[in-house]
$ cat structure.cif   # mmCIF, C-alpha atoms
data_target
#
loop_
_atom_site.label_atom_id
_atom_site.label_comp_id
_atom_site.auth_asym_id
_atom_site.auth_seq_id
_atom_site.Cartn_x
_atom_site.Cartn_y
_atom_site.Cartn_z
CA MET V 1 -10.43 16.44 65.80
CA LYS V 2 -12.53 17.49 62.82
CA VAL V 3 -9.36 17.86 60.73
CA VAL V 4 -8.11 14.41 61.81
CA VAL V 5 -11.44 12.80 60.91
CA LEU V 6 -11.49 14.55 57.54
CA LEU V 7 -7.97 13.37 56.75
CA MET V 8 -8.90 9.79 57.69
CA ILE V 9 -11.86 9.95 55.28
CA VAL V 10 -9.67 11.37 52.51
CA PHE V 11 -7.05 8.63 52.92
CA ALA V 12 -9.77 5.98 52.96
CA LEU V 13 -11.28 7.32 49.75
CA GLY V 14 -7.85 7.38 48.16
CA CYS V 15 -7.37 3.63 48.58
CA GLY V 16 -9.47 2.77 45.51
CA LYS V 17 -8.40 2.06 41.96
CA LYS V 18 -8.27 5.71 40.91
CA ALA V 19 -6.08 8.37 42.47
CA LEU V 20 -7.84 10.96 44.64
CA PHE V 21 -7.57 14.53 43.30
CA ASP V 22 -5.61 13.15 40.33
CA GLU V 23 -6.47 16.32 38.37
CA LEU V 24 -4.24 18.18 40.84
CA ALA V 25 -1.37 15.73 40.60
CA GLU V 26 1.02 15.02 37.75
CA ASN V 27 -0.38 12.28 35.54
CA ARG V 28 1.31 8.91 35.49
CA LEU V 29 -0.18 8.21 32.07
CA LYS V 30 1.45 10.27 29.29
CA VAL V 31 -0.05 10.52 25.79
CA VAL V 32 2.34 11.17 22.90
CA ILE V 33 1.12 11.65 19.32
CA LYS V 34 3.41 11.18 16.31
CA GLY V 35 2.81 11.79 12.62
CA THR V 36 5.07 9.04 11.29
CA TYR V 37 4.97 5.41 10.17
CA GLU V 38 8.07 4.87 12.30
CA SER V 39 7.95 4.77 16.09
CA ASN V 40 11.44 6.30 16.26
CA ASP V 41 14.13 7.76 13.96
CA PRO V 42 11.82 8.31 10.96
CA ARG V 43 12.89 8.77 7.38
CA SER V 44 13.49 12.38 6.33
CA TRP V 45 10.85 14.25 4.40
CA LEU V 46 11.27 13.47 0.72
CA GLY V 47 9.76 16.78 -0.34
CA ALA V 48 7.51 14.99 -2.85
CA PHE V 49 3.72 15.18 -2.92
CA PRO V 50 2.58 13.04 -5.84
CA ASP V 51 -0.61 13.66 -7.77
CA ASP V 52 -3.26 11.03 -7.27
CA ASN V 53 -4.88 9.51 -10.34
CA SER V 54 -8.04 11.42 -9.38
CA ILE V 55 -6.36 14.39 -11.12
CA ASP V 56 -7.16 14.29 -14.82
CA ASP V 57 -7.48 17.74 -16.34
CA GLY V 58 -3.89 18.80 -16.97
CA ILE V 59 -3.75 21.90 -14.77
CA ALA V 60 -0.14 22.78 -13.98
CA ASN V 61 0.68 22.27 -10.29
CA THR V 62 2.69 24.94 -8.52
CA GLU V 63 1.62 25.03 -4.87
CA LEU V 64 2.93 22.53 -2.33
CA PRO V 65 1.85 22.08 1.29
CA THR V 66 4.02 23.44 4.09
CA ARG V 67 1.74 22.98 7.13
CA LEU V 68 -0.68 20.49 8.62
CA MET V 69 -3.30 21.73 11.08
CA LEU V 70 -5.13 19.30 13.38
CA ASP V 71 -8.03 20.03 15.71
CA ILE V 72 -8.51 17.15 18.19
CA ALA V 73 -11.69 17.32 20.25
CA GLU V 74 -11.35 14.27 22.50
CA ILE V 75 -9.76 10.83 22.91
CA GLN V 76 -11.53 7.84 24.46
CA LEU V 77 -10.18 4.46 25.52
CA LEU V 78 -12.03 1.21 24.77
CA ASP V 79 -11.76 -2.10 26.61
CA LYS V 80 -12.38 -5.55 25.13
CA GLU V 81 -15.90 -5.66 26.61
CA GLY V 82 -16.85 -2.45 24.84
CA GLY V 83 -16.42 -0.17 27.85
CA VAL V 84 -15.51 3.45 27.17
CA GLU V 85 -13.29 5.81 29.17
CA PRO V 86 -13.23 9.46 27.94
CA PHE V 87 -9.84 10.10 29.54
CA SER V 88 -8.88 13.09 27.36
CA LYS V 89 -11.71 15.61 27.09
CA TYR V 90 -9.32 18.39 26.18
CA ARG V 91 -9.72 20.07 22.82
CA GLU V 92 -6.30 20.86 21.38
CA VAL V 93 -5.27 22.48 18.09
CA TYR V 94 -1.89 21.91 16.47
CA THR V 95 -0.16 23.76 13.63
CA LEU V 96 2.64 21.51 12.37
CA ASP V 97 5.34 22.47 9.88
CA LEU V 98 6.13 19.79 7.32
CA ASN V 99 9.84 19.52 8.13
CA ASP V 100 12.18 17.19 10.00
CA SER V 101 12.67 19.50 13.00
CA GLU V 102 8.96 19.54 13.86
CA PRO V 103 8.58 17.16 16.88
CA PHE V 104 5.41 15.65 15.38
CA PHE V 105 7.51 14.44 12.43
CA SER V 106 10.95 14.05 14.05
CA GLY V 107 10.08 10.90 16.02
CA MET V 108 9.88 12.76 19.33
CA GLY V 109 6.13 13.34 19.13
CA ILE V 110 3.94 15.92 20.84
CA GLY V 111 2.36 15.56 24.26
CA HIS V 112 -1.43 15.62 24.48
CA PRO V 113 -3.30 16.46 27.72
CA ASN V 114 -5.14 13.63 29.45
CA ASP V 115 -6.21 12.22 32.79
CA ASP V 116 -5.12 8.95 34.38
CA VAL V 117 -7.44 6.02 33.80
CA GLU V 118 -8.76 3.21 35.92
CA ALA V 119 -6.10 0.66 36.79
CA GLY V 120 -6.54 -3.05 36.25
CA ARG V 121 -8.57 -2.83 33.03
CA LEU V 122 -7.12 -3.94 29.69
CA TRP V 123 -7.66 -1.16 27.18
CA THR V 124 -7.46 -2.57 23.63
CA GLY V 125 -8.31 0.43 21.46
CA MET V 126 -9.27 4.06 21.33
CA ARG V 127 -11.43 6.58 19.53
CA LEU V 128 -9.82 9.84 18.47
CA PHE V 129 -12.20 12.67 17.51
CA LEU V 130 -10.67 14.81 14.75
CA ARG V 131 -12.70 18.00 14.26
CA LYS V 132 -10.57 19.40 11.45
CA MET V 133 -7.59 18.45 9.32
CA VAL V 134 -6.20 21.21 7.13
CA PHE V 135 -3.31 21.20 4.67
CA ASP V 136 -2.28 24.49 3.12
CA GLY V 137 -1.38 24.74 -0.58
CA ALA V 138 -4.98 24.19 -1.74
CA MET V 139 -6.01 26.08 -4.89
CA GLN V 140 -9.20 26.92 -6.78
CA TYR V 141 -9.57 27.09 -10.58
CA HIS V 142 -12.49 27.95 -12.85
CA LEU V 143 -13.16 27.09 -16.46
CA ILE V 144 -13.52 29.84 -19.04
CA PRO V 145 -15.76 28.21 -21.67
CA GLY V 146 -14.77 27.97 -25.28
CA GLU V 147 -16.34 25.57 -27.72
CA PRO V 148 -18.71 22.95 -26.22
CA GLY V 149 -16.71 20.82 -23.77
CA ILE V 150 -13.58 22.90 -24.30
CA GLY V 151 -12.22 25.73 -22.24
CA THR V 152 -9.28 27.19 -20.35
CA TRP V 153 -8.63 26.67 -16.65
CA THR V 154 -7.78 29.86 -14.78
CA SER V 155 -6.48 30.11 -11.22
CA ASP V 156 -8.61 31.88 -8.61
CA GLY V 157 -5.79 31.69 -6.07
CA LYS V 158 -5.42 29.95 -2.74
CA LEU V 159 -8.26 28.48 -0.73
CA TYR V 160 -8.97 29.62 2.83
CA THR V 161 -10.80 28.00 5.74
CA ILE V 162 -11.45 28.69 9.42
CA PHE V 163 -9.11 26.98 11.87
CA ASP V 164 -9.10 27.83 15.58
CA VAL V 165 -11.31 30.90 14.91
CA ASP V 166 -8.81 32.31 12.37
CA SER V 167 -8.88 32.33 8.58
CA VAL V 168 -5.96 30.23 7.32
CA GLU V 169 -4.70 29.05 3.94
CA GLY V 170 -5.84 25.54 3.11
CA LEU V 171 -8.80 23.21 2.86
CA ASP V 172 -10.36 21.20 5.67
CA VAL V 173 -10.28 17.65 4.25
CA ASN V 174 -12.17 16.05 7.15
CA PRO V 175 -15.59 16.23 5.43
CA LEU V 176 -14.10 14.31 2.49
CA GLN V 177 -12.85 11.55 4.79
CA VAL V 178 -16.14 10.64 6.42
CA ASN V 179 -16.84 7.84 3.91
CA THR V 180 -14.99 5.60 1.50
CA TYR V 181 -16.39 5.10 -1.99
CA TYR V 182 -17.72 1.71 -0.88
CA ASP V 183 -19.49 3.34 2.08
CA SER V 184 -21.16 5.82 -0.27
CA LEU V 185 -22.84 2.95 -2.17
CA LYS V 186 -24.62 1.63 0.92
CA GLN V 187 -28.13 2.46 1.97
CA ASN V 188 -26.86 3.44 5.44
CA ALA V 189 -24.07 5.67 4.06
CA LYS V 190 -25.20 8.61 6.22
CA GLU V 191 -24.71 6.50 9.35
CA ILE V 192 -21.04 5.71 8.55
CA ASN V 193 -18.33 8.05 9.84
CA ARG V 194 -14.71 6.92 9.55
CA ILE V 195 -13.09 10.07 10.86
CA PHE V 196 -15.18 11.25 13.82
CA PRO V 197 -14.25 9.19 15.67
CA LEU V 198 -11.16 7.55 14.21
CA LYS V 199 -10.85 4.03 15.68
CA ILE V 200 -7.28 3.07 16.59
CA PRO V 201 -6.09 -0.32 17.92
CA ILE V 202 -3.63 -0.50 20.83
CA ILE V 203 -1.23 -3.31 19.94
CA GLY V 204 -0.57 -5.34 23.09
CA GLY V 205 -3.16 -3.26 24.95
CA LEU V 206 -2.79 -0.77 27.79
CA ASN V 207 -2.92 -2.07 31.35
CA PHE V 208 -2.42 0.97 33.53
CA ASN V 209 -1.00 0.60 37.04
CA TYR V 210 -0.44 3.39 39.58
CA ALA V 211 2.59 1.49 40.87
CA ASN V 212 4.47 2.56 37.74
CA ASP V 213 5.86 6.08 37.79
CA GLU V 214 5.15 6.70 34.11
CA THR V 215 3.25 4.81 31.45
CA VAL V 216 3.41 6.09 27.88
CA LEU V 217 0.55 5.73 25.42
CA GLU V 218 2.03 6.39 21.98
CA ILE V 219 -0.33 7.17 19.08
CA ARG V 220 0.95 7.23 15.50
CA LEU V 221 -0.98 8.84 12.63
CA VAL V 222 0.79 8.33 9.30
CA PHE V 223 1.36 11.66 7.57
CA LYS V 224 5.09 11.99 6.94
CA ASN V 225 5.92 11.11 3.31
CA PHE V 226 2.30 9.97 2.98
CA VAL V 227 0.58 12.99 1.43
CA LYS V 228 -0.93 13.28 -2.05
CA ARG V 229 -2.66 15.93 -4.12
CA TYR V 230 -6.33 15.38 -5.02
CA GLU V 231 -9.03 17.34 -6.77
CA TYR V 232 -12.76 17.59 -6.89
CA ASP V 233 -14.93 19.73 -9.11
CA PHE V 234 -18.32 21.34 -8.84
CA VAL V 235 -20.61 23.77 -10.64
CA ARG V 236 -21.71 27.08 -9.16
CA ASP V 237 -23.77 29.74 -10.94
CA GLY V 238 -23.36 27.82 -14.16
CA TYR V 239 -19.55 27.77 -14.05
CA HIS V 240 -17.24 24.83 -13.56
CA TYR V 241 -14.75 24.98 -10.64
CA ILE V 242 -12.01 22.70 -9.34
CA TYR V 243 -10.42 22.48 -5.91
CA ARG V 244 -6.88 21.11 -5.82
CA TYR V 245 -6.01 20.04 -2.28
CA PHE V 246 -3.76 17.76 -0.23
CA GLY V 247 -4.67 14.84 2.00
CA PRO V 248 -3.41 11.47 3.25
CA SER V 249 -2.28 9.09 0.51
CA ASP V 250 -4.74 6.56 -0.91
CA TRP V 251 -2.14 3.77 -0.67
CA LEU V 252 -4.61 1.67 1.31
CA ARG V 253 -7.95 2.58 -0.30
CA ASP V 254 -7.61 3.65 -3.92
CA VAL V 255 -9.17 6.96 -4.93
CA VAL V 256 -9.94 7.35 -8.64
CA ALA V 257 -11.11 10.19 -10.85
CA ASP V 258 -14.54 11.59 -9.93
CA ASP V 259 -14.55 10.04 -6.45
CA ALA V 260 -16.21 12.57 -4.18
CA VAL V 261 -14.77 11.00 -1.00
CA ILE V 262 -11.30 9.89 0.12
CA GLY V 263 -12.14 8.24 3.45
CA GLY V 264 -10.48 5.22 5.02
CA ASN V 265 -6.92 6.43 4.43
CA ILE V 266 -6.05 7.79 7.88
CA ILE V 267 -3.82 4.92 9.02
CA ALA V 268 -3.10 4.86 12.74
CA VAL V 269 -1.87 2.60 15.53
CA ALA V 270 -1.11 2.89 19.24
CA ARG V 271 1.04 1.06 21.77
CA SER V 272 1.95 1.45 25.43
CA TYR V 273 5.06 0.92 27.53
CA VAL V 274 6.25 1.65 31.05
CA ARG V 275 9.17 4.04 31.28
CA GLY V 276 12.20 2.20 32.70
CA LYS V 277 10.82 -1.22 31.74
CA THR V 278 11.86 -1.28 28.09
CA VAL V 279 14.90 -2.19 26.02
CA ASP V 280 16.23 -0.95 22.69
CA ILE V 281 16.62 -3.61 20.00
CA THR V 282 19.63 -2.96 17.76
CA ASN V 283 21.72 -4.74 15.13
CA ALA V 284 23.50 -6.51 17.98
CA HIS V 285 20.25 -8.29 18.85
CA THR V 286 19.47 -9.32 15.27
CA THR V 287 22.64 -10.89 13.98
CA GLY V 288 20.60 -13.33 11.93
CA ILE V 289 19.61 -10.72 9.35
CA THR V 290 21.56 -8.25 7.24
CA VAL V 291 19.99 -4.83 7.16
CA VAL V 292 20.95 -2.65 4.21
CA ALA V 293 21.10 1.12 4.07
CA ASN V 294 17.99 3.19 3.24
CA SER V 295 15.48 0.61 4.41
CA TYR V 296 12.83 -0.04 7.07
CA VAL V 297 12.95 -2.34 10.09
CA ALA V 298 9.71 -3.23 11.87
CA ALA V 299 8.35 -5.70 14.41
CA VAL V 300 5.25 -7.91 14.49
CA GLY V 301 4.10 -10.62 16.86
CA PRO V 302 6.29 -13.75 16.83
CA ASP V 303 3.57 -15.87 15.23
CA SER V 304 2.68 -13.27 12.61
CA LEU V 305 4.06 -12.93 9.11
CA CYS V 306 6.21 -10.00 8.10
CA ALA V 307 4.00 -9.86 5.01
CA SER V 308 1.08 -8.94 7.30
CA LEU V 309 2.56 -5.42 7.19
CA ASN V 310 1.90 -5.26 3.44
CA ARG V 311 -1.03 -3.73 1.65
CA PRO V 312 -3.63 -6.47 1.02
CA SER V 313 -3.45 -7.95 -2.47
CA VAL V 314 -7.20 -7.61 -3.08
CA VAL V 315 -7.67 -4.71 -5.52
CA ARG V 316 -10.54 -2.28 -5.84
CA PRO V 317 -13.20 -3.93 -8.01
CA THR V 318 -14.08 -2.20 -11.26
CA LEU V 319 -15.91 -4.92 -13.23
CA ARG V 320 -18.64 -7.34 -12.27
CA THR V 321 -17.71 -10.97 -12.86
CA SER V 322 -21.09 -12.08 -14.18
CA GLY V 323 -23.77 -10.65 -16.41
CA THR V 324 -23.65 -8.88 -19.76
CA PRO V 325 -21.98 -6.57 -20.51
CA PRO V 326 -19.01 -6.62 -18.08
CA ALA V 327 -19.69 -2.99 -17.23
CA GLN V 328 -17.45 -0.56 -15.42
CA CYS V 329 -18.74 -0.43 -11.87
CA ASP V 330 -17.64 2.97 -10.65
CA ASN V 331 -20.42 5.50 -10.35
CA PRO V 332 -20.45 7.55 -13.59
CA LYS V 333 -20.06 11.27 -13.29
CA GLY V 334 -23.00 13.37 -14.39
CA PRO V 335 -22.55 16.21 -16.90
CA HIS V 336 -22.03 19.74 -15.68
CA VAL V 337 -24.87 22.22 -15.62
CA PRO V 338 -24.93 24.19 -18.88
CA ILE V 339 -23.80 27.79 -19.03
CA PRO V 340 -26.85 30.10 -18.86
CA ASN V 341 -28.00 31.52 -22.24
CA ASP V 342 -25.41 29.46 -24.14
CA ILE V 343 -27.20 27.29 -26.74
CA GLU V 344 -24.14 25.20 -27.62
CA SER V 345 -23.51 24.53 -23.95
CA TYR V 346 -27.09 23.29 -23.51
CA LEU V 347 -26.83 21.00 -26.56
CA ASP V 348 -23.55 19.60 -25.25
CA TYR V 349 -25.13 19.07 -21.84
CA TYR V 350 -28.10 17.07 -23.17
CA LEU V 351 -25.88 14.85 -25.33
CA LYS V 352 -23.69 14.07 -22.32
CA TYR V 353 -26.76 13.55 -20.14
CA GLU V 354 -28.06 10.82 -22.50
CA LYS V 355 -24.70 9.08 -22.33
CA TYR V 356 -24.70 9.45 -18.54
CA LYS V 357 -28.12 7.74 -18.27
CA GLU V 358 -26.84 4.81 -20.34
CA ASN V 359 -23.73 4.47 -18.16
CA TYR V 360 -25.75 4.80 -14.97
CA ASN V 361 -28.04 1.93 -15.99
CA LEU V 362 -24.96 -0.26 -16.44
CA PHE V 363 -23.60 0.94 -13.10
CA ALA V 364 -26.89 0.18 -11.33
CA ALA V 365 -26.95 -3.33 -12.80
CA CYS V 366 -23.35 -3.82 -11.76
CA VAL V 367 -23.66 -2.80 -8.10
CA SER V 368 -26.85 -4.88 -7.70
CA ASP V 369 -25.05 -7.95 -9.00
CA GLY V 370 -24.31 -10.38 -6.17
CA SER V 371 -20.84 -11.32 -7.35
CA PHE V 372 -19.75 -7.69 -7.51
CA SER V 373 -21.04 -7.06 -3.99
CA THR V 374 -18.95 -9.99 -2.78
CA LEU V 375 -15.84 -8.52 -4.40
CA TRP V 376 -16.43 -5.19 -2.70
CA ASP V 377 -16.94 -6.88 0.66
CA GLU V 378 -13.65 -8.73 0.25
CA TYR V 379 -11.87 -5.50 -0.67
CA ASN V 380 -13.38 -3.57 2.23
CA ASP V 381 -12.72 -6.31 4.79
CA SER V 382 -9.08 -6.62 3.71
CA ARG V 383 -8.56 -2.89 4.22
CA ASN V 384 -10.28 -2.88 7.59
CA ALA V 385 -7.90 -5.63 8.75
CA TYR V 386 -4.70 -3.76 7.83
CA LEU V 387 -2.45 -2.91 10.81
CA LEU V 388 0.70 -0.86 11.24
CA PRO V 389 3.62 -2.40 13.16
CA ALA V 390 3.87 -1.68 16.87
CA VAL V 391 7.45 -0.48 16.45
CA ALA V 392 9.34 0.50 13.31
CA THR V 393 12.31 2.60 12.26
CA TRP V 394 14.24 3.80 9.23
CA THR V 395 17.95 3.24 8.70
CA SER V 396 20.03 5.30 6.31
CA ASP V 397 23.27 3.34 6.86
CA GLY V 398 22.19 -0.20 7.84
CA SER V 399 22.45 0.30 11.60
CA PHE V 400 19.17 0.64 13.46
CA THR V 401 17.52 0.90 16.87
CA LEU V 402 13.95 0.00 17.76
CA LYS V 403 13.39 2.05 20.90
CA ASN V 404 11.27 1.43 23.99
CA VAL V 405 10.33 -2.19 23.37
CA PRO V 406 8.50 -3.45 26.50
CA TYR V 407 9.63 -6.17 28.88
CA ASN V 408 7.81 -9.52 28.74
CA SER V 409 7.26 -9.36 24.99
CA SER V 410 8.35 -11.26 21.90
CA TRP V 411 8.73 -9.93 18.37
CA LYS V 412 9.57 -11.00 14.86
CA ILE V 413 11.93 -8.35 13.44
CA CYS V 414 11.22 -7.73 9.76
CA HIS V 415 13.44 -6.03 7.22
CA ARG V 416 12.48 -4.16 4.04
CA GLN V 417 15.11 -4.31 1.29
CA THR V 418 13.69 -1.67 -1.05
CA SER V 419 12.52 1.74 0.11
CA PRO V 420 9.15 3.02 -1.16
CA GLY V 421 8.55 6.41 -2.73
CA ALA V 422 6.43 9.24 -1.37
CA GLY V 423 2.81 8.27 -0.86
CA ASP V 424 3.64 4.59 -0.31
CA LEU V 425 4.36 2.49 2.80
CA PRO V 426 6.99 -0.26 3.06
CA GLU V 427 6.21 -3.89 2.36
CA PHE V 428 8.08 -6.88 3.74
CA THR V 429 8.77 -10.53 2.91
CA ASP V 430 9.20 -13.69 4.97
CA ASN V 431 12.16 -15.04 3.03
CA ALA V 432 14.79 -16.96 4.98
CA GLY V 433 17.32 -14.53 6.40
CA ASP V 434 14.89 -11.60 6.36
CA PHE V 435 13.80 -11.89 9.98
CA VAL V 436 14.68 -13.12 13.47
CA VAL V 437 12.58 -13.49 16.63
CA VAL V 438 13.66 -11.68 19.80
CA THR V 439 12.11 -12.28 23.22
CA ILE V 440 12.48 -9.90 26.17
CA ASP V 441 11.95 -11.23 29.70
CA GLY V 442 10.83 -9.36 32.82
CA GLY V 443 14.38 -8.28 33.56
CA GLY V 444 15.06 -6.78 30.14
CA ASN V 445 17.22 -9.67 28.90
CA VAL V 446 17.00 -10.35 25.14
CA ALA V 447 17.01 -13.84 23.65
CA ILE V 448 17.32 -14.47 19.92
CA SER V 449 15.93 -17.40 17.93
CA PRO V 450 16.57 -17.98 14.21
#
$ encode --input "structure.cif" --output "structure tokens"
Amino acid sequence: MKVVVLLMIVFALGCGKKALFDELAENRLKVVIKGTYESNDPRSWLGAFPDDNSIDDGIANTELPTRLMLDIAEIQLLDKEGGVEPFSKYREVYTLDLNDSEPFFSGMGIGHPNDDVEAGRLWTGMRLFLRKMVFDGAMQYHLIPGEPGIGTWTSDGKLYTIFDVDSVEGLDVNPLQVNTYYDSLKQNAKEINRIFPLKIPIIGGLNFNYANDETVLEIRLVFKNFVKRYEYDFVRDGYHYIYRYFGPSDWLRDVVADDAVIGGNIIAVARSYVRGKTVDITNAHTTGITVVANSYVAAVGPDSLCASLNRPSVVRPTLRTSGTPPAQCDNPKGPHVPIPNDIESYLDYYLKYEKYKENYNLFAACVSDGSFSTLWDEYNDSRNAYLLPAVATWTSDGSFTLKNVPYNSSWKICHRQTSPGAGDLPEFTDNAGDFVVVTIDGGGNVAISP
């Protein structure tokens, strides 16, 4: 009788919104993380890692990255009312080879551990806590002084960092991604953190239901063909050093020479779908457009513009629009500490320091100018509003498939005629003949409208 009573209590408790003992059962919510712009069939690695314009000293580049290492501490879901669900409290580390057979870059993605979440709530976004992000191929150089301001750069070899308790080749670029340059100008700069956590929208939201056997939450972090080389320099013990390292491209937020931060360039998006309640959209469903080889196909909401997938046209401000003179408005770089016991080095330092003070006064006047602040706000807001497409693919021959598009949804299918190079993302137009609208009903039937 005691056993019967206990079983009745267990079944009664299990009638709520959340499954009883769900940690002992196979999850019905599956998290998949991908490192590509495309949701399926991504473009092959181009093998190119362009130098950013932050590199300005002429050191010959020889090392290229071969691995990306990610340390993910936790993932939380957010609802539209601001509620938080820490559904993945599992720290996971990933070492990912930069090649097409690596699942993270192949379009297959990698599974990430998680728990099921409360049913009946609309989750609209997430917070992903990245503890470390390491690319190998990072190098250190030091300057052997010659005449004042002149010297020879000499390699000190590869850089090493700690990843998952081991010493590995590479540089952890997470600390450099905490802020953007614009963030660093603000009085509350220390309160801004763009990487821990990384905020990711869920396009269309996630509405989990235990009645579905499997719901997939797909997260895409753009890394493939979106990596650049950067540098930053510093002085230690009177000597000038440079780190050359790799990180996500600054396609969205421009990084220029002497910028100490590269934040705001981790571009990510998420979507959800129920396994068995999706269709694949192919050329047969989009007869209204002609897709050429070596191009991108993507989807946005039916009332959105294909051009909404483009980088905003607002450019990083460099000049104030009022006041005299029209000064450069990037923070000037201070001179390096002079070499101990070197008279010429000290004289060179003080001459450069006087010039630095003059430039800094112009910079201070510029950033306190109201019109310049407005320009920076416009630039920052435009970047914050940028979104990746929910689904996208690459076609090498003109035929394409957009996989796992959910029932009861409608999409404008956009086509990119010209393929971008490494470090850039595709941009689209809304010219006649460049798009069609497809609508999928609850039975998986596809309707096309011109």
$ atom_distance --input "structure.cif" --atom1 "atom CA of V:Phe363" --atom2 "atom CA of V:Tyr241"
25.7 Å
$ residues_around --input "structure.cif" --residues "V:Lys186" --least-positions-apart "4" --cutoff "12 Å" --atoms "all atoms listed in the file" --output "NGL selection string"
:V and (179-182 or 190-192 or 367-368 or 373 or 376-377)
$ residues_around --input "structure.cif" --residues "V:Val292" --least-positions-apart "6" --cutoff "10 Å" --atoms "only C-alpha atoms" --output "ChimeraX atom specification"
/V:395-400,415-418
$ atom_distance --input "structure.cif" --atom1 "atom CA of V:Tyr379" --atom2 "atom CA of V:Pro201"
20.1 Å
$ closest_residue --input "structure.cif" --among "V:Asn331, V:Ser249, V:Asn193, V:Thr62" --to "V:Gly157" --atoms "all atoms listed in the file"
V:Thr62
$ atom_distance --input "structure.cif" --atom1 "atom CA of V:Val117" --atom2 "atom CA of V:Gly205"
13.5 Å
$ residues_near_point --input "structure.cif" --point "(11.0, -4.7, 29.5)" --cutoff "10 Å" --atoms "all atoms listed in the file" --output "MDAnalysis selection string"
chainID V and resid 273:280 404:409 439:446
$ residues_near_point --input "structure.cif" --point "(7.2, -9.0, 11.3)" --cutoff "6 Å" --atoms "only C-alpha atoms" --output "ChimeraX atom specification"
/V:299-300,305-306,412-414
$ resolve_selection --input "structure.cif" --expression "the PyMOL selection byres ((chain V and resi 247) around 12)" --output "number ranges by chain"
V: 49-52, 64-65, 67-69, 133-138, 170-177, 222-231, 244-246, 248-251, 255, 261-266, 423
$ axis_aligned_box --input "structure.cif" --around "stretch 300-318 of chain V" --padding-each-side "5 Å" --output "lines of an AutoDock Vina configuration file"
center_x = -3.9
center_y = -9.0
center_z = 2.8
size_x = 30.4
size_y = 23.7
size_z = 38.1
$ closest_residue --input "structure.cif" --among "V:Leu122, V:Val438, V:Val32, V:Ile219" --to "V:Ala390" --atoms "all atoms listed in the file"
V:Ile219
$ closest_residue --input "structure.cif" --among "V:Tyr90, V:Pro312, V:Thr282, V:Pro332" --to "V:Glu358" --atoms "only C-alpha atoms"
V:Pro332
$ resolve_selection --input "structure.cif" --expression "the PyMOL selection byres ((chain V and resi 113) around 12)" --output "PyMOL selection string"
chain V and resi 23+26-33+72-75+87-93+110-112+114-116+217
$ residues_around --input "structure.cif" --residues "V:Phe105" --least-positions-apart "3" --cutoff "9 Å" --atoms "only C-alpha atoms" --output "list in words"
Lys34, Gly35, Thr36, Pro42, Ser44, Trp45, Leu96, Asp97, Leu98, Asn99, Asp100, Ser101, Glu102, Met108, Gly109, Phe223 and Lys224 of chain V
$ write_last_selection --input "structure.cif" --atoms "C-alpha atoms" --output "compact mmCIF listing (two decimals), in the coordinates of the input"
# COMPACT_ATOMS: atom_id res chain seq x y z
CA LYS V 34 3.41 11.18 16.31
CA GLY V 35 2.81 11.79 12.62
CA THR V 36 5.07 9.04 11.29
CA PRO V 42 11.82 8.31 10.96
CA SER V 44 13.49 12.38 6.33
CA TRP V 45 10.85 14.25 4.40
CA LEU V 96 2.64 21.51 12.37
CA ASP V 97 5.34 22.47 9.88
CA LEU V 98 6.13 19.79 7.32
CA ASN V 99 9.84 19.52 8.13
CA ASP V 100 12.18 17.19 10.00
CA SER V 101 12.67 19.50 13.00
CA GLU V 102 8.96 19.54 13.86
CA MET V 108 9.88 12.76 19.33
CA GLY V 109 6.13 13.34 19.13
CA PHE V 223 1.36 11.66 7.57
CA LYS V 224 5.09 11.99 6.94
$ resolve_selection --input "structure.cif" --expression "the PyMOL selection byres ((chain V and resi 131) around 6)" --output "PyMOL selection string"
chain V and resi 71-72+130+132
$ closest_residue --input "structure.cif" --among "V:Ile59, V:Phe129, V:Asn310, V:Ala364" --to "V:Leu252" --atoms "only C-alpha atoms"
V:Asn310
